[in-house]
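Okay, so here's the structure we're looking at.
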Amino acid sequence: MRLVEDRRYRIEQGGDPSGKTPIAGEAGLTAAELEDFAARRRLRIGEGGAQRYVDCGNAYGIRGDVAFCQALYEARWLSEKRLVPWAANRLPDLWGSTGRDERWTESFIEEHIRLLYRFAKAEELPGRATPELGRSAIRLQAIDELGYRGELRFWEDLNGKWSPFGFRYGQDVVAIWRNLELWATIRRERMEHIGRMERMERMERGTI
């Protein structure tokens, strides 16, 4: 129990001095950990989707692991009491206009990451690695015209921007990620402990 409490405290105290969670940065969790988390909760994700989020996020300098959690949240698998209607006309307008399987394709994931890049960074977007998704230019132009480009550096800043009625939208996404990070870290430490115990037993038996 102490291990869990200490780890939870370190997570909540980590990150930016503001206490918010940056959108930019490298993934802190592996694709395997993201997939295992989804599988344990019987959440349907596309094959290779977690790895695509990690790889594409790292290529753009965006937290692909947290973006993965946003995708789970948007797909309504982890939040049954959402404030935003399924087909709401939101600024990014990604998940409401695509089929379930399409949401885990390389093109869709890159579109998602590029929108986060536009919100969080003022620099020009790198060239796409996948074909452009419908309405991509319109989405980016809307972010520019609203003055959001490079101004929303933290997930919590997306409240009322990515989802106009979700005033705790960013906190909800981060809460999923913190839960995932805590679960993955405890499991990792438990497996390391089991490995050490097994090595000690083999040493005592003289098998190593």
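Chain identifiers are assigned as A, B, and so on, following the order in which chains appear in the structure tokens; residues are numbered from 1 within each chain, and ligands are numbered from 1 in order of appearance.
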
* **Within 12 Å of Lys121 of chain A using only C-alpha atoms, minus same-chain residues under 2 positions, as a ChimeraX atom specification** => /A:22-25,60-62,113-119,123-126,143-144,148-154

Given the selection you just returned, output its residues as a file containing C-alpha atoms, formatted as a PDB file, in the first residue's frame.
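Saved result, out29.pdb, follows:
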```pdb
ATOM      1  CA  PRO A  22       1.923  19.596 -21.164  1.00  0.00           C
ATOM      2  CA  ILE A  23       0.571  18.564 -24.551  1.00  0.00           C
ATOM      3  CA  ALA A  24       4.074  18.617 -26.042  1.00  0.00           C
ATOM      4  CA  GLY A  25       6.707  16.062 -25.093  1.00  0.00           C
ATOM      5  CA  TYR A  60       5.614  15.629 -33.837  1.00  0.00           C
ATOM      6  CA  GLY A  61       6.856  16.171 -30.287  1.00  0.00           C
ATOM      7  CA  ILE A  62       3.366  15.574 -28.869  1.00  0.00           C
ATOM      8  CA  ILE A 113      -1.745  14.684 -33.473  1.00  0.00           C
ATOM      9  CA  ARG A 114      -1.497  17.568 -35.954  1.00  0.00           C
ATOM     10  CA  LEU A 115      -4.461  19.327 -34.357  1.00  0.00           C
ATOM     11  CA  LEU A 116      -2.851  19.004 -30.933  1.00  0.00           C
ATOM     12  CA  TYR A 117       0.380  20.366 -32.434  1.00  0.00           C
ATOM     13  CA  ARG A 118      -1.489  23.389 -33.790  1.00  0.00           C
ATOM     14  CA  PHE A 119      -3.046  24.113 -30.422  1.00  0.00           C
ATOM     15  CA  GLU A 123       5.756  26.656 -35.330  1.00  0.00           C
ATOM     16  CA  GLU A 124       4.696  25.570 -38.800  1.00  0.00           C
ATOM     17  CA  LEU A 125       3.406  22.040 -39.032  1.00  0.00           C
ATOM     18  CA  PRO A 126       5.775  19.444 -40.527  1.00  0.00           C
ATOM     19  CA  ILE A 143      -7.719  27.172 -34.817  1.00  0.00           C
ATOM     20  CA  ASP A 144      -5.705  30.036 -36.314  1.00  0.00           C
ATOM     21  CA  TYR A 148      -5.601  29.353 -30.358  1.00  0.00           C
ATOM     22  CA  ARG A 149      -2.496  28.525 -32.382  1.00  0.00           C
ATOM     23  CA  GLY A 150       0.386  27.822 -30.003  1.00  0.00           C
ATOM     24  CA  GLU A 151      -1.595  29.221 -27.068  1.00  0.00           C
ATOM     25  CA  LEU A 152      -2.948  26.021 -25.504  1.00  0.00           C
ATOM     26  CA  ARG A 153       0.192  24.381 -24.116  1.00  0.00           C
ATOM     27  CA  PHE A 154      -1.531  22.127 -21.597  1.00  0.00           C
TER      28      PHE A 154
END
```

* To do: Considering only C-alpha atoms, return as a list in words whatever protein or nucleic-acid residues lie within 10 Å of Gly28 of chain A, sequence-local ones (same chain, fewer than 2 positions apart) excluded.
  =>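 What passes the distance filter is Gly25, Glu26, Thr30, Ala31, Val54, Arg63, Gly64, Asp65, Val66 and Glu181 of chain A.
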
* Asked: Between A:Ala142, A:Ala67, A:Ala39, A:Ile194, which is the closest to Val174 of chain A once you count only C-alpha atoms?
  ->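 Result for the nearest residue to Val174 of chain A: A:Ala67.
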
* What does the distance between atom CA of Leu133 of chain A and atom CA of Leu43 of chain A come to in Å, to one decimal place? ->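 If I compute the distance from atom CA of Leu133 of chain A to atom CA of Leu43 of chain A, I get 24.7 Å.
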
* By how many Å are atom CA of Trp183 of chain A and atom CA of Glu33 of chain A apart? ->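 Computing the Euclidean distance for atom CA of Trp183 of chain A and atom CA of Glu33 of chain A yields 9.2 Å.
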
* Between atom CA of Gly127 of chain A and atom CA of Arg52 of chain A, what is the distance, to one decimal in Å? -> 16.9 Å
